[in-house]
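Visitor: Sharing query_8.tsv here; it has TSV, C-alpha atoms and all ligand atoms.
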```
chain	number	residue	atom	x	y	z
A	1	MET	CA	144.17	-2.46	137.03
A	2	ALA	CA	147.57	-3.14	138.51
A	3	LYS	CA	146.32	-1.60	141.69
A	4	LYS	CA	143.54	-4.12	141.94
A	5	LYS	CA	145.89	-7.04	141.48
A	6	LYS	CA	148.05	-5.84	144.30
A	7	ALA	CA	145.02	-5.67	146.54
A	8	ARG	CA	144.27	-9.29	145.95
A	9	VAL	CA	147.77	-10.41	146.82
A	10	GLN	CA	147.50	-8.54	150.06
A	11	PHE	CA	144.24	-10.21	150.94
A	12	ARG	CA	145.80	-13.64	150.76
A	13	LYS	CA	148.08	-12.83	153.68
A	14	ASN	CA	145.11	-12.63	155.99
A	15	ARG	CA	142.72	-15.07	157.60
A	16	GLY	CA	139.09	-14.79	158.58
A	17	HIS	CA	135.68	-14.67	157.08
A	18	ALA	CA	134.19	-12.00	154.94
A	19	PRO	CA	130.45	-11.53	155.03
A	20	SER	CA	130.20	-10.36	151.47
A	21	VAL	CA	131.99	-9.02	148.47
A	22	PRO	CA	130.40	-5.58	148.35
A	23	ASP	CA	132.01	-4.82	151.72
A	24	LEU	CA	135.34	-5.67	150.26
A	25	THR	CA	135.05	-3.51	147.23
A	26	HIS	CA	133.72	-0.75	149.41
A	27	GLN	CA	136.78	-0.97	151.58
A	28	VAL	CA	139.16	-0.96	148.68
A	29	ARG	CA	137.50	2.05	147.23
A	30	THR	CA	137.15	4.14	150.34
A	31	ARG	CA	140.29	3.28	152.21
A	32	GLY	CA	142.64	2.24	149.49
A	33	LEU	CA	145.17	-0.44	150.18
A	34	GLU	CA	146.71	0.83	153.38
A	35	ALA	CA	144.41	-1.31	155.51
A	36	ASN	CA	146.14	-4.41	154.28
A	37	ASP	CA	149.65	-3.21	154.66
A	38	ALA	CA	149.64	-2.92	158.41
A	39	PRO	CA	150.01	-5.87	160.78
A	40	THR	CA	146.85	-7.12	162.48
A	41	SER	CA	147.45	-5.70	165.94
A	42	GLU	CA	147.81	-2.18	164.70
A	43	ARG	CA	144.52	-2.28	162.88
A	44	VAL	CA	142.50	-3.21	165.93
A	45	SER	CA	142.08	0.26	167.26
A	46	GLY	CA	138.41	0.11	168.19
A	47	LYS	CA	135.31	-1.92	167.63
A	48	GLY	CA	134.59	-0.26	164.34
A	49	GLU	CA	138.07	-0.81	163.13
A	50	LEU	CA	137.99	-4.43	164.19
A	51	SER	CA	134.86	-5.29	162.31
A	52	ARG	CA	135.95	-3.40	159.28
A	53	TYR	CA	139.23	-5.17	159.34
A	54	ARG	CA	137.51	-8.54	159.48
A	55	THR	CA	135.48	-7.55	156.52
A	56	ILE	CA	138.61	-7.28	154.50
A	57	VAL	CA	140.70	-10.16	155.67
A	58	GLY	CA	138.46	-13.11	154.93
A	59	VAL	CA	138.25	-12.67	151.28
A	60	GLU	CA	140.19	-15.63	150.04
A	61	GLU	CA	138.36	-18.00	152.43
A	62	ASP	CA	135.17	-17.56	150.50
A	63	ALA	CA	135.34	-20.30	147.93
A	64	ASP	CA	132.15	-19.17	146.31
A	65	GLY	CA	133.69	-18.03	143.11
A	66	HIS	CA	132.36	-14.54	143.64
A	67	LEU	CA	135.55	-13.29	145.09
A	68	MET	CA	137.54	-14.32	142.10
A	69	ARG	CA	135.86	-11.45	140.39
A	70	ALA	CA	137.37	-8.54	142.21
A	71	ILE	CA	135.09	-5.98	140.66
A	72	ASP	CA	135.99	-2.36	140.56
A	73	GLU	CA	132.95	-0.59	141.92
A	74	THR	CA	134.06	2.71	140.52
A	75	THR	CA	133.52	1.53	136.98
A	76	THR	CA	130.61	-0.88	137.42
A	77	LEU	CA	126.91	-0.55	138.13
A	78	GLU	CA	124.41	-2.83	139.85
A	79	GLY	CA	121.35	-3.68	137.84
A	80	ARG	CA	118.53	-6.05	137.13
A	81	VAL	CA	118.10	-8.19	134.04
A	82	VAL	CA	114.69	-7.15	132.70
A	83	ALA	CA	114.59	-8.99	129.40
A	84	ASN	CA	116.38	-11.63	127.42
A	85	ARG	CA	117.07	-10.55	123.87
A	86	GLY	CA	118.39	-13.83	122.64
A	87	THR	CA	122.04	-13.04	122.26
A	88	SER	CA	122.10	-10.25	124.85
A	89	PHE	CA	120.30	-9.11	127.97
A	90	LEU	CA	118.59	-5.85	128.79
A	91	VAL	CA	119.78	-4.61	132.18
A	92	GLN	CA	118.17	-1.75	134.11
A	93	VAL	CA	120.32	0.11	136.64
A	94	ALA	CA	119.30	2.19	139.66
A	95	ASP	CA	118.73	5.44	137.76
A	96	ARG	CA	116.55	3.48	135.31
A	97	ARG	CA	118.99	3.67	132.42
A	98	ARG	CA	119.02	0.49	130.40
A	99	PHE	CA	121.96	-1.29	128.85
A	100	ASP	CA	122.11	-3.99	126.25
A	101	CYS	CA	124.61	-6.40	127.74
A	102	GLY	CA	126.69	-9.33	126.69
A	103	VAL	CA	128.12	-11.70	129.26
A	104	ARG	CA	131.78	-11.78	130.25
A	105	ARG	CA	133.23	-15.16	129.42
A	106	VAL	CA	134.47	-15.78	132.95
A	107	VAL	CA	130.90	-15.48	134.23
A	108	LYS	CA	129.96	-18.38	131.98
A	109	THR	CA	132.95	-20.35	133.17
A	110	LEU	CA	132.03	-19.86	136.82
A	111	ALA	CA	128.38	-20.83	136.27
A	112	ARG	CA	127.33	-24.26	137.45
A	113	GLU	CA	125.36	-25.04	134.33
A	114	GLU	CA	125.54	-23.34	130.99
A	115	ARG	CA	121.81	-23.24	130.37
A	116	ASN	CA	120.96	-20.71	133.02
A	117	VAL	CA	124.03	-18.50	133.28
A	118	VAL	CA	121.96	-15.33	133.22
A	119	VAL	CA	118.18	-15.28	133.52
A	120	VAL	CA	115.58	-12.54	133.61
A	121	GLY	CA	115.28	-11.22	137.15
A	122	ASP	CA	118.94	-11.71	137.99
A	123	GLN	CA	120.72	-9.07	140.02
A	124	VAL	CA	123.92	-8.35	138.15
A	125	VAL	CA	126.96	-6.11	138.10
A	126	ILE	CA	127.76	-4.58	134.73
A	127	THR	CA	130.40	-2.45	133.15
A	128	PRO	CA	128.55	0.18	131.14
A	129	GLY	CA	129.93	1.01	127.74
A	130	VAL	CA	129.09	3.45	124.99
A	131	GLU	CA	125.73	3.75	123.29
A	132	SER	CA	123.86	1.87	126.03
A	133	GLN	CA	125.97	-1.21	125.56
A	134	GLY	CA	127.42	-3.06	128.53
A	135	VAL	CA	128.95	-6.25	129.84
A	136	ILE	CA	127.64	-8.43	132.66
A	137	GLU	CA	130.53	-9.02	135.04
A	138	ARG	CA	128.82	-10.90	137.84
A	139	VAL	CA	125.50	-12.58	138.62
A	140	ASN	CA	124.49	-12.38	142.28
A	141	SER	CA	123.01	-15.44	143.97
A	142	ARG	CA	119.31	-16.05	143.35
A	143	GLN	CA	116.49	-16.07	145.90
A	144	GLY	CA	113.34	-17.59	144.40
A	145	THR	CA	113.14	-19.05	140.95
A	146	LEU	CA	110.48	-20.31	138.66
A	147	SER	CA	111.44	-22.93	136.16
A	148	ARG	CA	109.98	-25.03	133.47
A	149	LYS	CA	110.96	-28.60	132.95
A	150	THR	CA	111.91	-29.52	129.46
A	151	ARG	CA	113.33	-32.68	128.01
A	152	ARG	CA	116.74	-31.10	128.11
A	153	GLY	CA	116.48	-30.29	131.79
A	154	GLU	CA	115.46	-27.42	133.92
A	155	HIS	CA	114.93	-24.10	132.21
A	156	LEU	CA	114.83	-21.15	134.58
A	157	LEU	CA	112.15	-18.69	133.54
A	158	VAL	CA	112.82	-16.03	136.08
A	159	ALA	CA	114.91	-15.44	139.20
A	160	ASN	CA	114.39	-13.50	142.41
A	161	VAL	CA	110.61	-13.57	142.59
A	162	ASP	CA	108.52	-13.77	145.77
A	163	GLN	CA	105.05	-14.54	144.63
A	164	VAL	CA	102.98	-15.94	141.80
A	165	LEU	CA	99.70	-14.29	140.90
A	166	ILE	CA	97.56	-17.07	139.47
A	167	VAL	CA	94.90	-15.44	137.32
A	168	VAL	CA	91.78	-17.33	136.32
A	169	ALA	CA	88.56	-15.96	134.85
A	170	ALA	CA	85.16	-16.44	136.46
A	171	ALA	CA	83.95	-16.94	132.87
A	172	ASP	CA	85.23	-16.43	129.33
A	173	PRO	CA	87.35	-18.48	129.24
A	174	GLN	CA	85.48	-20.99	131.34
A	175	PHE	CA	86.34	-21.15	135.04
A	176	LYS	CA	88.63	-24.11	135.66
A	177	PRO	CA	89.38	-24.93	139.28
A	178	ASN	CA	91.62	-27.81	138.18
A	179	LEU	CA	93.88	-25.31	136.52
A	180	ILE	CA	94.24	-23.43	139.79
A	181	ASP	CA	95.46	-26.62	141.43
A	182	ARG	CA	97.97	-27.18	138.70
A	183	TYR	CA	99.38	-23.68	139.11
A	184	LEU	CA	99.42	-24.04	142.88
A	185	ILE	CA	101.65	-27.08	142.56
A	186	SER	CA	104.03	-25.19	140.28
A	187	ALA	CA	104.26	-22.47	142.89
A	188	GLU	CA	104.90	-24.97	145.66
A	189	LEU	CA	107.59	-26.63	143.58
A	190	GLY	CA	109.34	-23.31	143.09
A	191	GLY	CA	108.93	-22.33	146.71
A	192	ILE	CA	107.04	-19.19	145.75
A	193	ARG	CA	103.98	-17.86	147.54
A	194	PRO	CA	100.85	-18.18	145.39
A	195	VAL	CA	98.02	-15.65	145.28
A	196	ILE	CA	94.85	-16.69	143.46
A	197	CYS	CA	93.12	-13.97	141.48
A	198	VAL	CA	89.67	-14.64	140.04
A	199	ASN	CA	89.06	-11.99	137.39
A	200	LYS	CA	85.96	-11.05	135.39
A	201	VAL	CA	83.65	-11.57	138.37
A	202	ASP	CA	81.27	-9.13	136.66
A	203	LEU	CA	80.37	-11.93	134.26
A	204	VAL	CA	78.89	-14.30	136.84
A	205	ASN	CA	76.59	-14.36	139.81
A	206	PRO	CA	79.00	-14.06	142.75
A	207	VAL	CA	77.13	-16.79	144.61
A	208	ARG	CA	78.54	-19.29	142.13
A	209	LEU	CA	82.07	-18.46	143.15
A	210	GLN	CA	81.44	-18.69	146.85
A	211	PRO	CA	82.29	-22.39	147.23
A	212	PHE	CA	85.66	-21.88	145.53
A	213	VAL	CA	86.50	-18.79	147.51
A	214	GLY	CA	85.59	-20.67	150.68
A	215	LEU	CA	87.61	-23.71	149.70
A	216	TYR	CA	90.88	-21.99	148.83
A	217	SER	CA	90.66	-19.52	151.68
A	218	GLN	CA	90.17	-22.42	154.05
A	219	LEU	CA	93.24	-24.09	152.61
A	220	GLY	CA	95.15	-20.96	153.53
A	221	TYR	CA	95.66	-19.44	150.09
A	222	ASP	CA	95.31	-15.73	149.50
A	223	MET	CA	92.45	-15.00	147.14
A	224	ILE	CA	91.38	-11.86	145.41
A	225	LEU	CA	88.27	-11.29	143.29
A	226	CYS	CA	88.58	-8.72	140.53
A	227	SER	CA	86.60	-7.03	137.84
A	228	VAL	CA	88.27	-4.42	135.71
A	229	PRO	CA	85.09	-2.71	134.39
A	230	ASP	CA	83.70	-2.51	137.94
A	231	ASP	CA	87.06	-1.47	139.38
A	232	ARG	CA	86.69	-4.27	141.86
A	233	GLY	CA	89.68	-5.67	143.70
A	234	ILE	CA	92.14	-3.43	141.87
A	235	ARG	CA	93.21	-1.45	144.91
A	236	ARG	CA	93.75	-4.61	146.88
A	237	LEU	CA	95.68	-6.10	144.00
A	238	ARG	CA	97.90	-3.05	143.93
A	239	ARG	CA	98.58	-3.50	147.64
A	240	MET	CA	99.46	-7.14	147.10
A	241	LEU	CA	101.93	-6.27	144.35
A	242	ARG	CA	103.60	-3.37	146.14
A	243	ASP	CA	107.28	-3.92	146.92
A	244	ARG	CA	107.14	-7.52	145.80
A	245	GLU	CA	108.40	-9.38	142.80
A	246	THR	CA	105.41	-11.06	141.26
A	247	VAL	CA	105.10	-13.48	138.39
A	248	VAL	CA	101.72	-13.21	136.70
A	249	THR	CA	100.48	-16.42	135.22
A	250	GLY	CA	97.26	-17.80	133.78
A	251	GLN	CA	95.59	-18.86	130.57
A	252	SER	CA	95.47	-16.53	127.63
A	253	GLY	CA	92.39	-14.29	127.71
A	254	VAL	CA	91.77	-14.31	131.46
A	255	GLY	CA	92.69	-10.61	131.64
A	256	LYS	CA	96.28	-10.55	132.92
A	257	SER	CA	97.35	-7.62	130.79
A	258	THR	CA	94.10	-5.74	131.42
A	259	LEU	CA	94.56	-6.17	135.17
A	260	LEU	CA	98.14	-4.95	135.09
A	261	ASN	CA	97.15	-1.95	133.00
A	262	SER	CA	94.52	-0.98	135.53
A	263	VAL	CA	96.97	-1.42	138.38
A	264	GLN	CA	99.37	0.87	136.51
A	265	PRO	CA	98.03	2.54	133.37
A	266	GLY	CA	101.52	3.54	132.26
A	267	LEU	CA	102.37	-0.07	131.46
A	268	ARG	CA	100.18	0.06	128.36
A	269	LEU	CA	100.28	-3.66	127.76
A	270	ALA	CA	98.53	-4.94	124.67
A	271	THR	CA	95.26	-6.65	125.53
A	272	GLY	CA	92.57	-8.68	123.93
A	273	GLU	CA	94.62	-9.93	121.07
A	274	ILE	CA	94.33	-13.65	120.91
A	275	THR	CA	96.50	-14.24	117.93
A	276	GLU	CA	96.23	-17.20	115.63
A	277	GLU	CA	99.63	-18.18	116.86
A	278	SER	CA	98.68	-18.40	120.51
A	279	ARG	CA	95.45	-20.16	119.66
A	280	LYS	CA	97.43	-22.89	118.03
A	281	GLY	CA	99.88	-22.92	120.91
A	282	ARG	CA	102.74	-22.13	118.60
A	283	HIS	CA	104.31	-19.60	120.91
A	284	THR	CA	108.01	-20.10	120.68
A	285	THR	CA	109.11	-17.37	123.02
A	286	THR	CA	109.06	-18.31	126.65
A	287	ASN	CA	111.12	-15.36	127.76
A	288	ALA	CA	109.89	-13.48	130.72
A	289	THR	CA	109.91	-9.68	130.79
A	290	LEU	CA	110.21	-7.63	133.96
A	291	LEU	CA	108.04	-4.54	134.40
A	292	GLU	CA	108.78	-2.05	137.13
A	293	LEU	CA	105.89	-0.68	139.16
A	294	ASP	CA	105.85	3.04	140.02
A	295	PHE	CA	104.60	2.29	143.53
A	296	GLY	CA	107.36	-0.23	144.19
A	297	GLY	CA	107.96	-3.76	143.06
A	298	TRP	CA	108.15	-5.64	139.81
A	299	VAL	CA	105.80	-7.81	137.84
A	300	VAL	CA	106.88	-10.47	135.44
A	301	ASP	CA	104.96	-11.17	132.32
A	302	THR	CA	105.61	-14.63	130.93
A	303	PRO	CA	104.21	-14.70	127.41
A	304	GLY	CA	103.96	-18.05	125.80
A	305	VAL	CA	104.09	-19.95	129.04
A	306	ARG	CA	100.50	-20.78	129.44
A	307	GLN	CA	101.04	-23.33	132.12
A	308	PHE	CA	104.07	-24.57	133.86
A	309	GLU	CA	104.80	-28.06	132.90
A	310	LEU	CA	104.77	-30.67	135.57
A	311	CYS	CA	106.22	-33.59	133.71
A	312	ASP	CA	109.01	-33.94	136.23
A	313	ILE	CA	106.87	-34.26	139.28
A	314	ASN	CA	107.02	-37.73	140.70
A	315	ARG	CA	103.61	-39.37	140.95
A	316	ASP	CA	104.46	-40.62	144.41
A	317	ASP	CA	105.07	-37.06	145.58
A	318	LEU	CA	101.97	-35.58	143.99
A	319	ALA	CA	99.57	-36.14	146.89
A	320	GLY	CA	101.90	-34.24	149.23
A	321	TYR	CA	101.41	-31.10	147.16
A	322	PHE	CA	97.72	-31.10	148.03
A	323	ARG	CA	98.13	-29.67	151.49
A	324	GLU	CA	94.83	-30.93	152.89
A	325	PHE	CA	95.68	-34.51	151.86
A	326	ARG	CA	98.76	-34.59	154.04
A	327	PRO	CA	97.15	-35.61	157.33
A	328	TYR	CA	95.78	-38.77	155.72
A	329	LEU	CA	98.69	-39.95	153.60
A	330	SER	CA	100.45	-42.05	156.19
A	331	SER	CA	97.39	-43.96	157.35
A	332	CYS	CA	96.19	-45.60	154.13
A	333	LYS	CA	96.01	-49.38	154.36
A	334	PHE	CA	98.74	-49.88	151.76
A	335	PRO	CA	101.93	-47.95	152.25
A	336	SER	CA	102.25	-47.57	148.49
A	337	CYS	CA	98.65	-46.37	148.13
A	338	SER	CA	98.17	-44.21	145.05
A	339	HIS	CA	94.86	-42.91	146.49
A	340	THR	CA	93.16	-43.68	143.20
A	341	HIS	CA	91.45	-47.08	143.57
A	342	GLU	CA	92.80	-48.89	146.65
A	343	SER	CA	90.65	-50.15	149.45
A	344	GLY	CA	91.38	-48.71	152.86
A	345	CYS	CA	92.48	-45.42	151.34
A	346	ARG	CA	92.17	-42.64	153.90
A	347	VAL	CA	92.24	-39.95	151.26
A	348	LYS	CA	89.23	-41.45	149.49
A	349	GLN	CA	87.47	-41.79	152.84
A	350	ALA	CA	88.14	-38.14	153.55
A	351	VAL	CA	86.62	-37.25	150.17
A	352	ASP	CA	83.55	-39.36	151.00
A	353	ASN	CA	83.22	-37.58	154.34
A	354	ASP	CA	83.54	-34.12	152.74
A	355	LEU	CA	86.81	-33.50	154.52
A	356	ILE	CA	88.51	-33.12	151.15
A	357	ALA	CA	86.73	-31.23	148.36
A	358	ILE	CA	85.76	-33.40	145.43
A	359	THR	CA	87.13	-30.85	142.96
A	360	ARG	CA	90.54	-31.04	144.59
A	361	TYR	CA	90.45	-34.83	144.49
A	362	GLU	CA	89.51	-34.67	140.81
A	363	SER	CA	92.48	-32.42	140.17
A	364	TYR	CA	94.67	-34.95	141.90
A	365	LEU	CA	93.34	-37.78	139.73
A	366	LYS	CA	93.83	-35.76	136.56
A	367	LEU	CA	97.37	-34.89	137.42
A	368	TRP	CA	98.09	-38.43	138.56
A	369	MET	CA	96.92	-39.74	135.21
A	370	GLY	CA	98.90	-37.06	133.42
A	371	ASP	CA	95.81	-35.58	131.79
A	372	PRO	CA	95.99	-32.13	130.35
A	373	VAL	CA	93.80	-29.86	132.43
B	1	LIG	N1	84.10	-8.56	131.46
B	1	LIG	C1	85.40	-8.44	131.72
B	1	LIG	N2	86.30	-8.54	130.71
B	1	LIG	C2	87.61	-8.42	130.99
B	1	LIG	C3	88.05	-8.21	132.31
B	1	LIG	N3	89.40	-8.16	132.29
B	1	LIG	C4	89.76	-8.32	131.00
B	1	LIG	N4	88.70	-8.49	130.21
B	1	LIG	C5	88.70	-8.71	128.74
B	1	LIG	O1	89.26	-10.00	128.48
B	1	LIG	C6	89.97	-9.98	127.25
B	1	LIG	C7	91.35	-10.56	127.41
B	1	LIG	O2	92.11	-9.71	128.25
B	1	LIG	P1	93.71	-9.70	128.26
B	1	LIG	O3	94.12	-8.73	129.30
B	1	LIG	O4	94.27	-9.51	126.90
B	1	LIG	O5	94.02	-11.19	128.75
B	1	LIG	P2	95.44	-11.93	128.90
B	1	LIG	O6	95.61	-12.78	127.69
B	1	LIG	O7	95.32	-12.76	130.14
B	1	LIG	O8	96.49	-10.88	129.03
B	1	LIG	C8	89.98	-8.52	126.78
B	1	LIG	O9	89.00	-8.38	125.77
B	1	LIG	C9	89.60	-7.75	128.02
B	1	LIG	O10	88.93	-6.56	127.72
B	1	LIG	C10	87.07	-8.12	133.37
B	1	LIG	O11	87.36	-7.95	134.57
B	1	LIG	N5	85.77	-8.26	133.01
B	2	MG	MG	98.21	-10.54	127.87
B	3	ZN	ZN	95.37	-43.71	149.86
```
Starting from the coordinates I provided, produce the structure as structure tokens.
Ligand SMILES: Nc1nc2c(ncn2[C@@H]2O[C@H](COP(=O)(O)OP(=O)(O)O)[C@@H](O)[C@H]2O)c(=O)[nH]1
Ligand SMILES: [Mg+2]
Ligand SMILES: [Zn+2]

Guide:
Amino acid sequence: MAKKKKARVQFRKNRGHAPSVPDLTHQVRTRGLEANDAPTSERVSGKGELSRYRTIVGVEEDADGHLMRAIDETTTLEGRVVANRGTSFLVQVADRRRFDCGVRRVVKTLAREERNVVVVGDQVVITPGVESQGVIERVNSRQGTLSRKTRRGEHLLVANVDQVLIVVAAADPQFKPNLIDRYLISAELGGIRPVICVNKVDLVNPVRLQPFVGLYSQLGYDMILCSVPDDRGIRRLRRMLRDRETVVTGQSGVGKSTLLNSVQPGLRLATGEITEESRKGRHTTTNATLLELDFGGWVVDTPGVRQFELCDINRDDLAGYFREFRPYLSSCKFPSCSHTHESGCRVKQAVDNDLIAITRYESYLKLWMGDPV
């Protein structure tokens, strides 16, 4: 450990910018400390040397907090938080071993807010211990997150996801286009690409779905029609999940687990059980679980989160989340138009002229009034 300390003192003598921490630790490990002992001019012995040198010198300039944790790569492992166990986190490392990890106190201290210090999906660095125990030493910065608003603030459900698979059923439970719109807004809020999956198409006459497929495709959303018994859409679904990090969301009973099992039988997710508890909406666990796909990528199952709450969305901003409303929003007669009852409302005119689908406008009204869908 003394060695590491010395390295840090040496870094402070230098100036410049480091692109990232891993480069630093790599340097320390492969070249030892001699790189820092020599004066600048002597290190610049070629282009490669120059860039490598720069990699080292900037370390203290990065005020990100990350550098404060000079992590010894020889004793740590990179991993992914796959589940939250309440007081600890399950972390999977590259060789698929899993460790039950606590969180180093300094990580909590460096975190901006205590609620979301570590969340499922985080890329972390751990020190493995005995008997599959470990300690989370660092949480890498997050790319895409999905959160739920609660009275106590934002609660991150999952980090580092690229897309949301919105699953609805063509029937059983009843097809609800309004629910799709609600999920689409959640995805837009989180900055995550939505994909709409209509499952159980074997239960209806496909002609009935045509208007909805047409509508959402025209709006530019990716849509996929599936039926597990008919093996319809499954191959395409697999392609859409490959090498991506996908959150699967949708009402209970629409077939999320069944779909995932047919995409990858090895997952063996429990299906069909609509427990008394979930019927009554008494699910207390909102913890996401990450499942790794054999063909590349991850899917996130979010039990107990039947719909993302939207209580924090400002009514005035709501219309902007309906992408086809946007061209009309600035030309309503009243600048503060709510597009619900006003005269001279361009949005309502567009609905009358079939330029905006009535079902989408209905969704808007429901959300505007704060109705449950
Ligand atoms: N007819 C039909 N039934 C399905 C299909 N997919 C799932 N189911 C059934 O729907 C029920 C609920 O499925 P499940 O996967 O548990 O839904 P989840 O709650 O969304 O995970 C189960 O009885 C499944 O067998 C499908 O494509 N067609
Ligand atoms: Mg399920
Ligand atoms: Zn208006």

Visitor: Around ligand ZN 3 (chain B), which protein and nucleic acid residues have at least one atom no more than 10 Å from it, if we count only C-alpha atoms and all ligand atoms? List them as a list in words.

Guide: Ala319, Phe325, Tyr328, Leu329, Ser330, Ser331, Cys332, Lys333, Phe334, Pro335, Ser336, Cys337, Ser338, His339, Thr340, His341, Glu342, Ser343, Gly344, Cys345, Arg346, Val347, Lys348, Gln349 and Ala350 of chain A

Visitor: When you look at range 231-236 of chain A with a cut-off of 9 Å (counting only C-alpha atoms), what residues show up, excluding the ones that are within fewer than 2 positions of it in the same chain? I need them as a compact mmCIF listing (two decimals) with C-alpha atoms, in the frame of the given file.

Guide:
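What landed in result_0.txt:
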```txt
# COMPACT_ATOMS: atom_id res chain seq x y z
CA ASN A 199 89.06 -11.99 137.39
CA VAL A 201 83.65 -11.57 138.37
CA ASP A 202 81.27 -9.13 136.66
CA ILE A 224 91.38 -11.86 145.41
CA LEU A 225 88.27 -11.29 143.29
CA CYS A 226 88.58 -8.72 140.53
CA SER A 227 86.60 -7.03 137.84
CA VAL A 228 88.27 -4.42 135.71
CA PRO A 229 85.09 -2.71 134.39
CA ARG A 238 97.90 -3.05 143.93
CA ARG A 239 98.58 -3.50 147.64
CA MET A 240 99.46 -7.14 147.10
CA LEU A 241 101.93 -6.27 144.35
CA LEU A 259 94.56 -6.17 135.17
CA SER A 262 94.52 -0.98 135.53
CA VAL A 263 96.97 -1.42 138.38
```

Visitor: Could the residues that lie within 10 Å of ligand LIG 1 (chain B), counting all atoms listed in the file, be listed as an NGL selection string?

Guide: :A and (167-173 or 198-204 or 225-234 or 248-262 or 269-275 or 278 or 301 or 303 or 306)

Visitor: As an exercise, work out the distance from CA of Phe295 in chain A to CA of Thr74 in chain A in Å and give it to one decimal place.

Guide: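 So the two atoms, CA of Phe295 in chain A and CA of Thr74 in chain A, lie 29.6 Å apart.
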
Visitor: Just give me the gap between CA of Gly134 in chain A and CA of Ala94 in chain A in Å, one decimal is fine.

Guide: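 Result for CA of Gly134 in chain A versus CA of Ala94 in chain A: 14.7 Å, one decimal.
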
Visitor: Report, in Å with one decimal, the straight-line distance from CA of Arg142 in chain A to CA of Gln123 in chain A.

Guide: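 Taking CA of Arg142 in chain A and CA of Gln123 in chain A, their separation equals 7.9 Å.
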
Visitor: Go through A:Arg268, A:Ser217, A:Arg208, A:Leu90 one by one, measure the shortest atom-to-atom distance of each to ligand MG 2 (chain B) using all atoms listed in the file, and give the residue with the smallest value.

Guide: A:Arg268
